[in-house]
Amino acid sequence: MEYRQLGSSGLRVPVLSFGTGTFGGTGPLFSAWGRSDAEEARRLVDICLEAGVTLFDTADIYSDGASERVLGEAIRGRRDAVLISAKTGLPGGDGPQDWGVSRARLIRSVDASLKRLGTDHIDLLQLHAFDASTPVEELLATLDALVAAGKVRYAGVSNYPGWQLMKALAVADRHGWPRFVAHQVYYSLIGRAYEDDLMPLGADQGVGALVWSPLGWGRLTGRIRRDAPIPEGSRLHETVAFAPPVEDGHLYRVVDALDAVAAETGRTVPQVAINWLLQRPTISSVIIGARNEAQLRDNLGAVGWSLTSAQVATLDAASAVLPPYPHTPYRQQEGFARLNPPLV
C-alpha cells in the first residue's frame, strides 16, 4: 500500500481508505448501500488492515450513528492501528440545535461520535457540508478548542464551495487556528467538476482530497452496459434519486473506454476507474466502499500498478466535458496553457 501526506499536514494516509456507510445500514439510502453488522464489519476491517488500508471514514448521519457504533466495535482492541475520519454538520433531527456547526452543536456532536466510536479522539474531523448560518470565526475557534482538548487531531471539510474554503483558510491563518488539511469531495470519471476550482485551490493551499464515490454511485462497477437495464440487485434502483445526474451518452462513452482499458490491462473496470483517480493531482486517498469481501478485494486490486500515459489519455478523452463559465471561454483560447499550466 502506498501512503501519502494528507495535504500539507504531517499525517500520512493510505491511498485507499475504507468508507463505512455500509455498516449498520438503515433507511432508504444507507440500507441500499449495505447492512454489515459488527461481525461482518470486523472481517472487512481485518482484510483492510492486512492490505495496509488503515483509514476508515464514517459520519454521524450514516444510519443515525449506527455506522459509528459498528465501526467502534469492529476496531475494538486495535485503535492504535487505525485512523478514524469522521464527519458532522448535516441535519440529525428536526430541532433547531440538530443541524449545522455552531459551537454548541459541534461540541455535542463530537462528544456523541466519540462515545459511539468508543475512542477518546478523532484523527480527522470534517464538516460534512457548508453551514452558512455559523460565522467562520465561531467554527474555527471551536475546532481550535477541540484540537487543544485532544478530541480532534486534524480538521477538514466535505462538499464545500471553493470560496468558503478559501475564506476559512485565510481566517485560520489570521488567527493562528488549525487549517483545514483535507477536502472530502465527489470525483469520478463521470463527475470531474472537482477539477475546475477545487483542485487548483487544493494544490495551491495544501488541501488534500479524499474522494468519495469514485465509481460514480455504482455506475462504474462494470455492470452498467449500453442498451441494457440496470442489473437486478444494483443499489442504483434505490439510490439513483440521491446520485448526481449523468447524461446517458456521456456515461456510456466512459464505460466503453473503461472496458477497452480493462481489456488491455487485465484489470477490472472498478480497478481501472480508481487507478485513474490515484494519478490525479491533489488526491491523498480514494475512499472505497464494499458490501462484502469480494467487492473489497476487487477494489484493493486498484493499487500496486499504474495506467500508461496512453491509457490515461483514452480515459481523459472519453470523460472530458466542457467546464462551466468562466473557465470555458479561456480554455478555448490559444495561450490559455501558458496562463494555467497543468497541475503536478
# chains A, B, ... in the order shown; residues from 1 in each chain; ligands from 1

$ residues_around --residues "Ala318 (chain A)" --least-positions-apart "5" --cutoff "8 Å" --atoms "only C-alpha atoms" --output "number ranges by chain"
A: 250, 253-254, 257

$ write_last_selection --atoms "all heavy atoms" --output "CSV table (one decimal), in the first residue's frame"
chain,number,residue,atom,x,y,z
A,250,HIS,N,-22.8,10.3,-22.3
A,250,HIS,CA,-21.5,10.5,-21.6
A,250,HIS,C,-21.1,9.3,-20.8
A,250,HIS,O,-20.0,8.9,-20.8
A,250,HIS,CB,-21.6,11.8,-20.7
A,250,HIS,CG,-20.3,12.1,-20.0
A,250,HIS,ND1,-19.2,12.4,-20.6
A,250,HIS,CD2,-20.1,12.1,-18.6
A,250,HIS,CE1,-18.2,12.6,-19.7
A,250,HIS,NE2,-18.7,12.4,-18.5
A,253,ARG,N,-20.0,6.5,-23.1
A,253,ARG,CA,-18.6,6.7,-23.6
A,253,ARG,C,-17.5,6.4,-22.6
A,253,ARG,O,-16.5,5.8,-23.0
A,253,ARG,CB,-18.5,8.2,-24.0
A,253,ARG,CG,-19.2,8.6,-25.3
A,253,ARG,CD,-18.8,10.0,-25.8
A,253,ARG,NE,-19.1,11.0,-24.9
A,253,ARG,CZ,-20.3,11.6,-24.9
A,253,ARG,NH1,-21.2,11.3,-25.7
A,253,ARG,NH2,-20.5,12.6,-24.0
A,254,VAL,N,-17.8,6.7,-21.4
A,254,VAL,CA,-16.8,6.4,-20.3
A,254,VAL,C,-16.7,4.9,-20.1
A,254,VAL,O,-15.6,4.3,-20.0
A,254,VAL,CB,-17.1,7.2,-19.0
A,254,VAL,CG1,-16.2,6.7,-17.9
A,254,VAL,CG2,-17.0,8.7,-19.2
A,257,ALA,N,-14.8,3.2,-22.8
A,257,ALA,CA,-13.3,3.4,-22.6
A,257,ALA,C,-12.8,2.6,-21.5
A,257,ALA,O,-11.7,2.0,-21.6
A,257,ALA,CB,-13.0,4.9,-22.4

$ select_by_dssp --residues "region 110-314 of chain A" --states "alpha helix (DSSP H)" --output "ChimeraX atom specification"
/A:110-117,136-148,162-175,198-205,236-239,248-265,269-278,293-300,309-314

$ closest_residue --among "A:Gly10, A:Gly72, A:Pro214, A:Gly19" --to "Arg42 (chain A)" --atoms "only C-alpha atoms"
A:Gly72

$ residues_around --residues "region 104-109 of chain A" --least-positions-apart "3" --cutoff "9 Å" --atoms "only C-alpha atoms" --output "count of residues only"
15

$ residues_around --residues "Glu68 (chain A)" --least-positions-apart "6" --cutoff "8 Å" --atoms "only C-alpha atoms" --output "list of chain:residue names"
A:Thr58, A:Ala59, A:Asp60, A:Tyr62, A:Ser113, A:Arg116, A:Leu117

$ write_last_selection --atoms "C-alpha atoms" --output "compact mmCIF listing (two decimals), in the first residue's frame"
# COMPACT_ATOMS: atom_id res chain seq x y z
CA THR A 58 -17.65 7.45 8.79
CA ALA A 59 -20.23 10.13 9.69
CA ASP A 60 -22.75 10.72 12.45
CA TYR A 62 -24.81 7.41 8.49
CA SER A 113 -19.35 10.45 18.00
CA ARG A 116 -20.33 5.73 19.70
CA LEU A 117 -16.86 5.01 18.33

$ residues_around --residues "Met199 (chain A)" --least-positions-apart "2" --cutoff "9 Å" --atoms "only C-alpha atoms" --output "PyMOL selection string"
chain A and resi 194-197+201-204+207-209+281-283+343

$ residues_around --residues "Thr308 (chain A)" --least-positions-apart "6" --cutoff "10 Å" --atoms "only C-alpha atoms" --output "short mmCIF file (atom, residue, chain, number, x, y, z; two decimals) with C-alpha atoms, in the first residue's frame"
data_model
loop_
_atom_site.label_atom_id
_atom_site.label_comp_id
_atom_site.auth_asym_id
_atom_site.auth_seq_id
_atom_site.Cartn_x
_atom_site.Cartn_y
_atom_site.Cartn_z
CA VAL A 261 -8.55 -0.21 -20.94
CA THR A 265 -4.55 -4.25 -18.59
CA TRP A 276 -7.13 6.75 -12.85
CA THR A 314 -8.01 7.43 -23.51
#

$ select_by_dssp --residues "region 56-298 of chain A" --states "strand (DSSP E or B)" --output "PyMOL selection string"
chain A and resi 56-57+83-88+122-127+152-158+180-186+188+191+208-212+283-288
